[in-house]
>>> print(open('work.txt').read())   # compact mmCIF, C-alpha atoms and all ligand atoms
# COMPACT_ATOMS: atom_id res chain seq x y z
CA MET B 11 4.82 15.09 -11.08
CA SER B 12 4.49 18.76 -10.29
CA ALA B 13 7.77 20.58 -9.78
CA PRO B 14 8.86 20.80 -6.13
CA LEU B 15 8.25 24.24 -4.70
CA ALA B 16 11.28 26.18 -3.52
CA HIS B 17 9.31 27.71 -0.63
CA PRO B 18 6.28 25.52 -0.16
CA ALA B 19 3.35 27.35 1.36
CA PRO B 20 2.13 25.83 4.62
CA LEU B 21 -0.57 23.27 4.07
CA ASP B 22 -4.10 24.62 4.34
CA VAL B 23 -5.57 21.49 5.91
CA GLU B 24 -9.05 22.96 6.37
CA ARG B 25 -9.21 23.63 2.65
CA LEU B 26 -8.00 20.13 1.79
CA ARG B 27 -10.54 18.63 4.19
CA ARG B 28 -13.35 20.29 2.25
CA ASP B 29 -12.30 18.17 -0.75
CA PHE B 30 -13.30 15.05 1.20
CA PRO B 31 -17.09 15.14 1.67
CA ILE B 32 -17.19 12.20 4.10
CA LEU B 33 -15.03 14.03 6.64
CA SER B 34 -17.71 16.59 7.49
CA GLN B 35 -20.06 13.89 8.76
CA ARG B 36 -21.13 13.39 12.31
CA VAL B 37 -20.85 9.88 13.69
CA ARG B 38 -22.52 8.88 16.98
CA ASN B 39 -23.52 12.51 17.22
CA LYS B 40 -19.88 13.65 17.27
CA PRO B 41 -17.76 15.07 14.46
CA LEU B 42 -16.15 12.13 12.66
CA VAL B 43 -12.46 11.69 13.50
CA TYR B 44 -11.16 9.29 10.89
CA LEU B 45 -7.90 7.68 12.02
CA ASP B 46 -8.12 4.38 10.15
CA ASN B 47 -6.28 5.45 7.02
CA GLY B 48 -4.02 2.40 7.15
CA ALA B 49 -7.09 0.26 6.43
CA THR B 50 -8.44 2.52 3.71
CA THR B 51 -8.31 6.22 2.91
CA GLN B 52 -11.19 8.60 2.16
CA LYS B 53 -11.79 9.88 -1.35
CA PRO B 54 -11.68 13.46 -2.57
CA GLN B 55 -14.64 14.79 -4.56
CA SER B 56 -12.50 14.69 -7.72
CA VAL B 57 -12.18 10.90 -7.43
CA ILE B 58 -15.91 10.51 -6.80
CA ASP B 59 -16.61 12.78 -9.78
CA ALA B 60 -14.27 10.75 -12.01
CA LEU B 61 -16.18 7.57 -11.17
CA VAL B 62 -19.58 9.16 -11.70
CA GLY B 63 -18.36 10.91 -14.85
CA TYR B 64 -17.10 7.69 -16.35
CA TYR B 65 -20.37 5.87 -15.73
CA THR B 66 -22.40 8.88 -16.81
CA THR B 67 -20.73 9.65 -20.12
CA GLU B 68 -17.97 7.18 -21.06
CA ASN B 69 -18.99 3.70 -19.94
CA ALA B 70 -18.06 1.01 -22.46
CA ASN B 71 -15.76 -1.99 -22.57
CA ILE B 72 -12.20 -1.33 -23.65
CA HIS B 73 -9.87 -2.76 -26.32
CA ARG B 74 -12.51 -4.65 -28.20
CA GLY B 75 -14.76 -1.92 -29.46
CA VAL B 76 -14.73 -0.10 -32.75
CA HIS B 77 -17.33 2.36 -31.50
CA TYR B 78 -16.84 5.82 -30.07
CA LEU B 79 -17.49 5.11 -26.40
CA SER B 80 -15.23 2.10 -26.37
CA GLN B 81 -12.46 4.18 -27.86
CA GLN B 82 -13.03 6.86 -25.21
CA ALA B 83 -12.92 4.30 -22.40
CA THR B 84 -9.80 2.65 -23.83
CA PHE B 85 -8.14 6.03 -24.14
CA ALA B 86 -8.93 6.95 -20.53
CA TYR B 87 -7.80 3.57 -19.21
CA GLU B 88 -4.49 3.71 -21.08
CA ARG B 89 -3.95 7.36 -20.16
CA THR B 90 -4.16 6.26 -16.52
CA ARG B 91 -1.48 3.67 -17.12
CA GLY B 92 0.78 6.45 -18.38
CA ARG B 93 -0.05 8.58 -15.34
CA ILE B 94 0.95 5.74 -13.04
CA ARG B 95 4.16 5.13 -14.97
CA ARG B 96 5.17 8.74 -14.39
CA PHE B 97 4.05 8.61 -10.76
CA LEU B 98 6.37 5.63 -10.17
CA ASN B 99 9.01 6.86 -12.59
CA ALA B 100 8.90 3.52 -14.38
CA ALA B 101 10.63 3.26 -17.74
CA ASP B 102 7.70 2.13 -19.85
CA ASN B 103 3.89 1.84 -19.77
CA SER B 104 4.22 -1.89 -20.43
CA GLU B 105 5.70 -2.26 -16.94
CA ILE B 106 2.43 -1.14 -15.33
CA VAL B 107 -0.10 -3.93 -14.78
CA PHE B 108 -3.56 -3.20 -13.37
CA VAL B 109 -4.60 -5.63 -10.65
CA ARG B 110 -7.28 -5.62 -7.95
CA GLY B 111 -4.88 -4.49 -5.26
CA THR B 112 -1.68 -5.26 -3.41
CA THR B 113 -2.85 -8.76 -2.54
CA GLU B 114 -3.51 -9.72 -6.13
CA GLY B 115 -0.26 -8.12 -7.31
CA ILE B 116 1.78 -10.20 -4.86
CA ASN B 117 -0.10 -13.37 -5.75
CA LEU B 118 0.57 -12.70 -9.42
CA VAL B 119 4.32 -12.45 -8.79
CA ALA B 120 4.27 -15.48 -6.49
CA GLN B 121 2.52 -17.66 -9.06
CA SER B 122 4.02 -16.38 -12.31
CA PHE B 123 7.51 -15.36 -11.24
CA ALA B 124 8.45 -17.32 -8.13
CA ARG B 125 6.68 -20.64 -8.64
CA PRO B 126 8.43 -21.70 -11.87
CA ARG B 127 11.81 -20.66 -10.44
CA LEU B 128 11.58 -22.38 -7.06
CA HIS B 129 13.17 -25.74 -6.43
CA GLU B 130 13.59 -27.98 -3.41
CA GLY B 131 15.66 -26.19 -0.79
CA ASP B 132 15.32 -22.71 -2.33
CA GLU B 133 14.50 -19.74 -0.15
CA ILE B 134 12.41 -16.59 -0.20
CA ILE B 135 13.21 -13.83 2.27
CA VAL B 136 10.44 -11.79 3.88
CA SER B 137 10.49 -9.74 7.07
CA GLN B 138 8.89 -10.16 10.46
CA MET B 139 6.80 -7.02 9.94
CA GLU B 140 5.04 -8.16 6.75
CA HIS B 141 1.30 -8.00 6.20
CA HIS B 142 -0.25 -11.45 5.67
CA SER B 143 -0.54 -10.52 1.97
CA ASN B 144 3.23 -10.52 1.77
CA ILE B 145 3.63 -13.80 3.66
CA VAL B 146 0.90 -16.24 2.67
CA PRO B 147 1.31 -16.15 -1.15
CA TRP B 148 5.02 -16.99 -0.70
CA GLN B 149 4.22 -19.70 1.82
CA MET B 150 1.83 -21.28 -0.67
CA VAL B 151 4.39 -21.51 -3.48
CA CYS B 152 7.13 -22.58 -1.07
CA ALA B 153 5.00 -25.43 0.27
CA GLU B 154 4.28 -26.60 -3.25
CA ARG B 155 7.90 -26.49 -4.40
CA GLY B 156 9.69 -27.67 -1.26
CA ALA B 157 11.20 -24.24 -0.70
CA ARG B 158 11.14 -22.24 2.53
CA LEU B 159 10.66 -18.75 3.91
CA ARG B 160 13.44 -16.99 5.79
CA VAL B 161 12.57 -14.04 7.97
CA ILE B 162 14.42 -10.76 8.60
CA PRO B 163 13.95 -9.99 12.30
CA VAL B 164 12.73 -6.68 13.70
CA ASP B 165 14.36 -4.95 16.68
CA ASP B 166 12.51 -3.43 19.65
CA ALA B 167 12.20 -0.05 17.94
CA GLY B 168 10.56 -1.73 14.96
CA GLU B 169 13.45 -1.54 12.53
CA LEU B 170 14.69 -4.39 10.39
CA ILE B 171 18.00 -5.81 11.58
CA LEU B 172 20.01 -5.45 8.40
CA GLU B 173 23.02 -7.45 9.60
CA GLU B 174 20.69 -10.42 9.98
CA TYR B 175 19.26 -9.77 6.54
CA GLU B 176 22.75 -9.85 5.02
CA LYS B 177 23.38 -13.21 6.66
CA LEU B 178 20.17 -14.63 5.17
CA LEU B 179 21.16 -13.87 1.57
CA ASN B 180 22.76 -16.92 0.00
CA PRO B 181 22.87 -18.83 -3.30
CA ARG B 182 19.54 -20.52 -2.50
CA THR B 183 17.74 -17.16 -2.18
CA LYS B 184 15.34 -16.66 -5.09
CA LEU B 185 13.49 -13.52 -4.03
CA VAL B 186 13.26 -10.87 -1.32
CA ALA B 187 9.82 -9.43 -0.49
CA VAL B 188 9.58 -6.52 1.96
CA ALA B 189 7.23 -3.70 2.84
CA HIS B 190 8.12 -0.14 1.88
CA ALA B 191 6.50 0.91 5.16
CA SER B 192 4.91 -1.16 7.92
CA ASN B 193 1.15 -0.97 8.39
CA VAL B 194 1.61 -1.63 12.12
CA LEU B 195 4.85 0.03 13.18
CA GLY B 196 4.97 2.77 10.57
CA THR B 197 8.63 1.97 9.97
CA ILE B 198 9.94 3.14 6.62
CA ASN B 199 12.31 0.42 5.50
CA PRO B 200 15.60 1.24 3.75
CA VAL B 201 14.39 -0.30 0.52
CA ALA B 202 17.17 1.04 -1.71
CA ARG B 203 19.75 -0.54 0.62
CA ILE B 204 17.81 -3.81 0.87
CA THR B 205 17.56 -3.95 -2.90
CA ALA B 206 21.23 -3.15 -3.47
CA LEU B 207 22.28 -5.96 -1.12
CA ALA B 208 19.94 -8.45 -2.81
CA HIS B 209 21.18 -7.47 -6.24
CA GLN B 210 24.78 -8.16 -5.17
CA HIS B 211 23.59 -11.76 -4.92
CA GLY B 212 21.59 -11.56 -8.15
CA VAL B 213 18.33 -11.76 -6.19
CA PRO B 214 15.26 -9.76 -7.33
CA VAL B 215 13.22 -7.71 -4.84
CA LEU B 216 9.48 -7.13 -4.53
CA VAL B 217 8.35 -4.13 -2.52
CA ASP B 218 4.90 -4.13 -0.90
CA GLY B 219 4.11 -0.45 -1.34
CA ALA B 220 0.61 -0.52 0.17
CA GLN B 221 1.70 1.73 3.07
CA GLY B 222 4.62 3.37 1.33
CA ILE B 223 3.08 5.18 -1.57
CA PRO B 224 0.23 6.83 0.39
CA HIS B 225 2.87 8.66 2.43
CA LEU B 226 6.08 8.79 0.41
CA PRO B 227 7.02 9.43 -3.19
CA ALA B 228 7.94 6.04 -4.67
CA ASP B 229 10.45 6.16 -7.50
CA VAL B 230 10.99 2.58 -8.58
CA ARG B 231 14.26 3.39 -10.31
CA GLU B 232 15.61 5.17 -7.25
CA LEU B 233 14.48 2.31 -5.01
CA GLY B 234 15.99 -0.10 -7.54
CA CYS B 235 13.28 -2.69 -6.91
CA ASP B 236 12.16 -5.26 -9.46
CA PHE B 237 8.48 -5.28 -8.47
CA TYR B 238 6.41 -2.67 -6.63
CA VAL B 239 2.76 -3.22 -5.72
CA PHE B 240 0.12 -0.98 -4.21
CA SER B 241 -3.64 -0.59 -3.73
CA GLY B 242 -5.70 2.29 -5.10
CA HIS B 243 -7.96 2.49 -2.05
CA LYS B 244 -5.05 3.26 0.29
CA ILE B 245 -3.98 6.22 -1.82
CA PHE B 246 -7.32 8.05 -1.89
CA GLY B 247 -8.55 6.11 -4.94
CA PRO B 248 -11.26 3.47 -5.39
CA THR B 249 -11.27 -0.07 -4.03
CA GLY B 250 -10.79 -2.98 -6.41
CA ILE B 251 -7.96 -1.39 -8.37
CA GLY B 252 -4.25 -1.65 -7.74
CA VAL B 253 -0.97 -1.68 -9.56
CA LEU B 254 1.84 -4.09 -10.10
CA TYR B 255 5.00 -2.50 -11.45
CA GLY B 256 7.47 -5.04 -12.79
CA ARG B 257 10.77 -4.57 -14.56
CA ARG B 258 10.16 -5.31 -18.21
CA GLU B 259 12.68 -8.15 -18.58
CA LEU B 260 11.18 -9.92 -15.60
CA LEU B 261 7.56 -9.47 -16.70
CA GLU B 262 8.54 -10.73 -20.15
CA SER B 263 9.95 -13.90 -18.67
CA MET B 264 6.73 -14.67 -16.80
CA PRO B 265 3.82 -16.82 -17.97
CA PRO B 266 0.29 -15.35 -17.70
CA TYR B 267 -1.35 -15.46 -14.29
CA GLN B 268 -4.91 -15.96 -15.49
CA GLY B 269 -6.27 -16.96 -18.87
CA GLY B 270 -9.20 -15.40 -20.65
CA GLY B 271 -10.19 -12.55 -22.91
CA SER B 272 -7.93 -9.56 -23.61
CA MET B 273 -4.73 -11.42 -22.81
CA ILE B 274 -4.40 -13.21 -26.15
CA VAL B 275 -3.43 -12.52 -29.73
CA LYS B 276 -4.91 -15.68 -31.18
CA VAL B 277 -6.79 -18.64 -29.74
CA SER B 278 -7.48 -22.00 -31.34
CA PHE B 279 -8.05 -25.42 -29.84
CA GLU B 280 -4.51 -26.31 -30.90
CA GLY B 281 -3.04 -23.50 -28.84
CA THR B 282 -3.06 -19.86 -27.84
CA THR B 283 -0.66 -17.00 -28.48
CA TYR B 284 -0.50 -14.56 -25.61
CA ALA B 285 -0.67 -10.82 -25.94
CA GLU B 286 2.26 -8.50 -25.33
CA LEU B 287 2.84 -6.76 -22.02
CA PRO B 288 0.97 -5.58 -20.08
CA ASN B 289 -2.25 -7.07 -21.55
CA ARG B 290 -0.89 -10.58 -21.05
CA PHE B 291 -1.48 -10.07 -17.31
CA GLU B 292 -4.89 -8.41 -17.58
CA ALA B 293 -7.29 -11.22 -18.43
CA GLY B 294 -10.96 -10.31 -18.58
CA THR B 295 -12.68 -6.96 -18.29
CA PRO B 296 -10.67 -4.86 -15.87
CA HIS B 297 -11.94 -2.33 -13.32
CA ILE B 298 -12.04 0.49 -15.87
CA ALA B 299 -13.82 2.96 -13.60
CA GLY B 300 -11.39 2.09 -10.82
CA ALA B 301 -8.40 2.90 -13.00
CA ILE B 302 -9.93 6.23 -13.98
CA GLY B 303 -10.66 7.00 -10.33
CA LEU B 304 -7.08 6.13 -9.45
CA GLU B 305 -5.87 8.58 -12.06
CA ALA B 306 -7.92 11.30 -10.36
CA ALA B 307 -6.39 10.33 -6.99
CA ILE B 308 -2.87 10.60 -8.39
CA ASP B 309 -3.70 13.95 -9.97
CA TYR B 310 -4.97 15.11 -6.59
CA LEU B 311 -1.74 14.08 -4.85
CA ASN B 312 0.41 15.67 -7.55
CA GLU B 313 -1.52 18.90 -7.33
CA ALA B 314 -1.36 19.07 -3.56
CA GLY B 315 2.34 18.16 -3.70
CA GLN B 316 3.18 14.78 -2.21
CA GLU B 317 6.35 16.06 -0.49
CA ARG B 318 4.40 18.85 1.18
CA LEU B 319 1.72 16.43 2.35
CA ALA B 320 4.40 14.10 3.71
CA ALA B 321 6.10 16.92 5.60
CA TYR B 322 2.80 17.91 7.22
CA GLU B 323 2.06 14.32 8.15
CA THR B 324 5.49 13.84 9.73
CA GLU B 325 4.91 16.90 11.86
CA LEU B 326 1.46 15.64 12.87
CA LEU B 327 2.96 12.25 13.74
CA GLY B 328 5.43 13.99 16.04
CA TYR B 329 2.60 15.86 17.72
CA ALA B 330 0.54 12.67 18.11
CA THR B 331 3.46 10.64 19.45
CA GLN B 332 4.12 13.30 22.05
CA ALA B 333 0.41 13.54 22.94
CA LEU B 334 -0.02 9.77 23.37
CA SER B 335 2.99 9.59 25.65
CA GLN B 336 0.94 11.59 28.15
CA VAL B 337 -1.67 8.86 28.50
CA LYS B 338 -0.95 6.72 31.54
CA GLY B 339 -0.28 3.04 30.90
CA LEU B 340 -0.12 3.46 27.12
CA ARG B 341 2.66 1.75 25.20
CA VAL B 342 3.44 2.65 21.59
CA PHE B 343 4.82 -0.08 19.30
CA GLY B 344 7.23 1.15 16.67
CA THR B 345 9.62 3.98 17.43
CA ALA B 346 11.76 3.80 14.31
CA ARG B 347 13.69 6.90 13.26
CA ASP B 348 11.93 6.96 9.90
CA LYS B 349 8.18 6.51 10.21
CA VAL B 350 4.98 7.16 8.32
CA GLY B 351 1.91 8.29 10.27
CA VAL B 352 1.00 5.06 12.00
CA LEU B 353 0.68 4.76 15.78
CA SER B 354 -0.01 1.31 17.18
CA PHE B 355 -0.44 1.00 20.90
CA ALA B 356 -1.73 -1.01 23.83
CA MET B 357 -3.04 0.16 27.19
CA GLU B 358 -2.74 -1.44 30.59
CA SER B 359 -6.34 -0.61 31.41
CA ALA B 360 -8.15 -2.09 28.41
CA HIS B 361 -8.00 -4.57 25.56
CA PRO B 362 -7.55 -2.99 22.07
CA HIS B 363 -11.11 -3.93 21.10
CA ASP B 364 -12.49 -2.18 24.18
CA ILE B 365 -10.37 0.87 23.35
CA GLY B 366 -11.82 0.80 19.83
CA THR B 367 -15.37 0.59 21.18
CA VAL B 368 -14.98 3.51 23.56
CA LEU B 369 -13.37 5.59 20.82
CA ASP B 370 -16.14 4.70 18.41
CA SER B 371 -18.71 6.04 20.86
CA GLU B 372 -16.82 9.34 20.58
CA GLY B 373 -16.98 9.30 16.77
CA ILE B 374 -13.31 8.30 16.49
CA ALA B 375 -12.43 5.55 14.01
CA ILE B 376 -9.32 3.53 14.74
CA ARG B 377 -8.49 -0.11 14.10
CA ALA B 378 -8.06 -2.80 16.73
CA GLY B 379 -6.82 -6.32 16.13
CA HIS B 380 -3.84 -8.12 14.66
CA HIS B 381 -3.73 -5.86 11.58
CA CYS B 382 -3.09 -8.85 9.29
CA ALA B 383 0.35 -9.17 10.87
CA GLN B 384 0.08 -11.99 13.39
CA PRO B 385 3.81 -12.87 13.29
CA LEU B 386 4.55 -9.29 14.29
CA MET B 387 2.04 -9.48 17.18
CA GLN B 388 3.96 -12.57 18.36
CA ARG B 389 7.22 -10.64 18.08
CA TYR B 390 5.88 -8.06 20.54
CA GLY B 391 4.12 -10.65 22.67
CA VAL B 392 0.61 -9.24 22.28
CA PRO B 393 -2.51 -10.72 20.65
CA ALA B 394 -3.68 -7.38 19.29
CA MET B 395 -2.95 -3.68 19.12
CA ALA B 396 -4.97 -0.52 18.70
CA ARG B 397 -3.87 1.60 15.75
CA ALA B 398 -4.40 5.21 14.80
CA SER B 399 -3.20 5.80 11.25
CA LEU B 400 -2.96 9.31 9.83
CA ALA B 401 -3.50 11.01 6.51
CA PHE B 402 -2.76 14.58 5.48
CA TYR B 403 -6.37 15.59 6.20
CA ASN B 404 -6.03 14.82 9.90
CA THR B 405 -5.51 17.69 12.33
CA ARG B 406 -4.04 18.44 15.75
CA GLU B 407 -7.58 18.96 17.03
CA GLU B 408 -8.38 15.39 16.02
CA ILE B 409 -5.32 14.12 17.86
CA ASP B 410 -6.47 16.07 20.92
CA ALA B 411 -9.89 14.40 20.63
CA LEU B 412 -8.14 11.02 20.43
CA VAL B 413 -6.15 11.73 23.58
CA ASP B 414 -9.25 12.92 25.47
CA ALA B 415 -11.02 9.71 24.49
CA LEU B 416 -8.05 7.59 25.61
CA LEU B 417 -8.11 9.34 28.98
CA LYS B 418 -11.76 8.36 29.13
CA VAL B 419 -10.77 4.73 28.43
CA ASN B 420 -8.53 4.86 31.50
CA GLU B 421 -11.43 6.22 33.56
CA VAL B 422 -13.98 3.69 32.27
CA PHE B 423 -11.70 0.71 32.86
CA ALA B 424 -9.98 1.99 36.00
C1 LIG W 501 -3.44 -3.16 3.15
C2 LIG W 501 -2.11 -3.80 2.97
C3 LIG W 501 -1.96 -4.88 2.12
C4 LIG W 501 -3.11 -5.51 1.38
O1 LIG W 501 -3.75 -4.61 0.55
P1 LIG W 501 -5.14 -5.00 -0.14
O2 LIG W 501 -5.63 -3.69 -0.65
O3 LIG W 501 -6.00 -5.55 0.97
O4 LIG W 501 -4.86 -5.99 -1.19
C5 LIG W 501 -0.69 -5.41 1.97
N1 LIG W 501 0.36 -4.89 2.62
C6 LIG W 501 0.25 -3.85 3.45
C7 LIG W 501 1.47 -3.30 4.12
C8 LIG W 501 -0.99 -3.27 3.66
O5 LIG W 501 -1.11 -2.24 4.49
>>> encode(input="work.txt", output="structure tokens", more="lines below")
Ligand SMILES: *Cc1c(COP(=O)(O)O)cnc(C)c1O
Amino acid sequence: MSAPLAHPAPLDVERLRRDFPILSQRVRNKPLVYLDNGATTQKPQSVIDALVGYYTTENANIHRGVHYLSQQATFAYERTRGRIRRFLNAADNSEIVFVRGTTEGINLVAQSFARPRLHEGDEIIVSQMEHHSNIVPWQMVCAERGARLRVIPVDDAGELILEEYEKLLNPRTKLVAVAHASNVLGTINPVARITALAHQHGVPVLVDGAQGIPHLPADVRELGCDFYVFSGHKIFGPTGIGVLYGRRELLESMPPYQGGGSMIVKVSFEGTTYAELPNRFEAGTPHIAGAIGLEAAIDYLNEAGQERLAAYETELLGYATQALSQVKGLRVFGTARDKVGVLSFAMESAHPHDIGTVLDSEGIAIRAGHHCAQPLMQRYGVPAMARASLAFYNTREEIDALVDALLKVNEVFA
């Protein structure tokens, strides 16, 4: 990572925006206002160039080839692994496993780590604010093994109730799986504290970093977690590539998730010897271009300075929160002290989908629905929410446009 600046210059957002070609588009004859970054982020030109460059000059399969291009591709793919290790401050490249995304990373841990360890009556702890990706894979292995899920409740502000969490930890607990930050409430969870408490009981912790790492530096050794997963496409990289970080001892104790090429040392019909870490978990041809694009995304973040981007975003979130509070009949969900740039809300005048439709006609992209967090919708007693989710390339002018459009919603549905 680049060294933190003693006196960081203020962020030149207009300059950063020019790095993202899609942002200068007009949509529905209005300037695009992209506020759906929680679903996926836009890509800087450097990421697009990395993808095109790979396919233009380097494309070959990795690991197997003796020829020049294959060596180039292998080198680039493995260099990316090293970049990610440094980005996460992991101890070793072998702890970085390429997967398709957060969902696949969690399923890998559920199947290869949790499943063999779960017995009748065992428990896995998740929280009420989890994305379905951090609920369903655990439910599947629990159902198979006669184990059950326990749930850390969320208070009205959208914070985890840690006293309740402490009560849930017991000798039957086999794993804790929590989000670094909520995709609905924006809450940044106290992961280091959650991990420390779990470790007092000898329980490993998986962190769903899908919404953490786009907004916050994630140092796996500082967080103390055993697994950390994230998706490339939510951190300005390509879709179809993601990362599972796992502590070496744990990954070493796990059987492969999928069988196939690249994950073996030797195969015969009598039996197969599996490859070392991390190849053991990377069966088949991986998303080589995706990994290289992800490297470009991480380079972009490092160059811009992740702390500086986060500081700007926090300020923009404050501005947006204040601005939304001026819209009559609008209720914001999630008022935690520590938040990333996510604003979920409902309005008295209109259903979230109608809000989304009116906003779309103004060129404003938000998300409306259950946000893959139906248990959390139940917690707040609503079927759906509208969500504006920010990135560092969003501006105050865009927030003003959002507010104007929400005032229009009130007029249309008055
Ligand atoms: C998006 C998201 C996921 C799932 O990520 P995929 O890229 O769809 O695999 C999981 N958890 C959270 C908190 C998310 O925001």
>>> closest_residue(input="work.txt", among="B:Gln138, B:Asn47, B:Asn69, B:Ser278", to="Gln384 in chain B", atoms="only C-alpha atoms")
B:Gln138
>>> atom_distance(input="work.txt", atom1="CA of Gly168 in chain B", atom2="CA of Gly111 in chain B")
25.6 Å
>>> residues_near_ligand(input="work.txt", ligand="ligand LIG 501 (chain W)", cutoff="8 Å", atoms="all atoms listed in the file", output="JSON, numbers by chain")
{"B": [48, 49, 50, 110, 111, 112, 113, 114, 115, 140, 141, 142, 143, 144, 189, 190, 191, 192, 193, 218, 219, 220, 221, 222, 240, 241, 242, 243, 244, 249, 250, 252]}
>>> closest_residue(input="work.txt", among="B:His380, B:Arg318, B:His363, B:Arg182", to="Val23 in chain B", atoms="all atoms listed in the file")
B:Arg318
>>> atom_distance(input="work.txt", atom1="CA of Arg203 in chain B", atom2="CA of Gln316 in chain B")
22.7 Å
>>> closest_atom_pairs(input="work.txt", of="range 47-148 of chain B", to="range 282-288 of chain B", cutoff="8 Å", atoms="only C-alpha atoms", output="tab-separated table")
residue	atom	partner	partner_atom	distance
B:Asn103	CA	B:Pro288	CA	8.0
B:Ser104	CA	B:Pro288	CA	4.9
B:Glu105	CA	B:Pro288	CA	6.6
B:Ile106	CA	B:Pro288	CA	6.7
B:Val107	CA	B:Pro288	CA	5.7
>>> atom_distance(input="work.txt", atom1="CA of Val136 in chain B", atom2="CA of Val186 in chain B")
6.0 Å
>>> residues_around(input="work.txt", residues="Gln210 in chain B", least_positions_apart="6", cutoff="12 Å", atoms="all atoms listed in the file", output="PyMOL selection string")
chain B and resi 176+179-181+183+203-204
>>> closest_residue(input="work.txt", among="B:Leu195, B:Ala101, B:Ile274, B:Ala293", to="Ala167 in chain B", atoms="all atoms listed in the file")
B:Leu195
>>> closest_residue(input="work.txt", among="B:Val161, B:Ala19, B:Ile376, B:Leu319", to="Lys177 in chain B", atoms="only C-alpha atoms")
B:Val161
>>> build_atoms(input="work.txt", residues="range 208-220 of chain B", atoms="N, CA, C and O atoms", output="CSV table (one decimal), keeping the file's coordinate frame")
chain,number,residue,atom,x,y,z
B,208,ALA,N,20.5,-7.3,-2.1
B,208,ALA,CA,19.9,-8.4,-2.8
B,208,ALA,C,20.6,-8.6,-4.2
B,208,ALA,O,20.9,-9.7,-4.6
B,209,HIS,N,20.7,-7.4,-4.9
B,209,HIS,CA,21.2,-7.5,-6.2
B,209,HIS,C,22.6,-7.9,-6.3
B,209,HIS,O,23.1,-8.5,-7.3
B,210,GLN,N,23.4,-7.6,-5.2
B,210,GLN,CA,24.8,-8.2,-5.2
B,210,GLN,C,24.8,-9.7,-5.3
B,210,GLN,O,25.8,-10.3,-5.7
B,211,HIS,N,23.7,-10.3,-4.8
B,211,HIS,CA,23.6,-11.8,-4.9
B,211,HIS,C,22.7,-12.2,-6.1
B,211,HIS,O,22.4,-13.3,-6.2
B,212,GLY,N,22.4,-11.2,-7.0
B,212,GLY,CA,21.6,-11.6,-8.2
B,212,GLY,C,20.1,-11.9,-7.8
B,212,GLY,O,19.5,-12.6,-8.6
B,213,VAL,N,19.7,-11.4,-6.6
B,213,VAL,CA,18.3,-11.8,-6.2
B,213,VAL,C,17.4,-10.6,-6.4
B,213,VAL,O,17.7,-9.5,-6.0
B,214,PRO,N,16.2,-10.8,-7.1
B,214,PRO,CA,15.3,-9.8,-7.3
B,214,PRO,C,14.5,-9.4,-6.1
B,214,PRO,O,14.4,-10.2,-5.2
B,215,VAL,N,13.9,-8.2,-6.0
B,215,VAL,CA,13.2,-7.7,-4.8
B,215,VAL,C,11.8,-7.2,-5.2
B,215,VAL,O,11.7,-6.4,-6.1
B,216,LEU,N,10.8,-7.7,-4.4
B,216,LEU,CA,9.5,-7.1,-4.5
B,216,LEU,C,9.2,-6.2,-3.3
B,216,LEU,O,9.5,-6.6,-2.2
B,217,VAL,N,8.7,-5.0,-3.6
B,217,VAL,CA,8.4,-4.1,-2.5
B,217,VAL,C,6.8,-4.0,-2.4
B,217,VAL,O,6.1,-3.7,-3.4
B,218,ASP,N,6.3,-4.3,-1.2
B,218,ASP,CA,4.9,-4.1,-0.9
B,218,ASP,C,4.7,-2.7,-0.5
B,218,ASP,O,5.1,-2.2,0.5
B,219,GLY,N,4.2,-1.9,-1.5
B,219,GLY,CA,4.1,-0.4,-1.3
B,219,GLY,C,2.8,0.0,-0.8
B,219,GLY,O,2.5,1.2,-0.8
B,220,ALA,N,2.0,-0.9,-0.3
B,220,ALA,CA,0.6,-0.5,0.2
B,220,ALA,C,0.6,0.6,1.2
B,220,ALA,O,-0.2,1.5,1.1
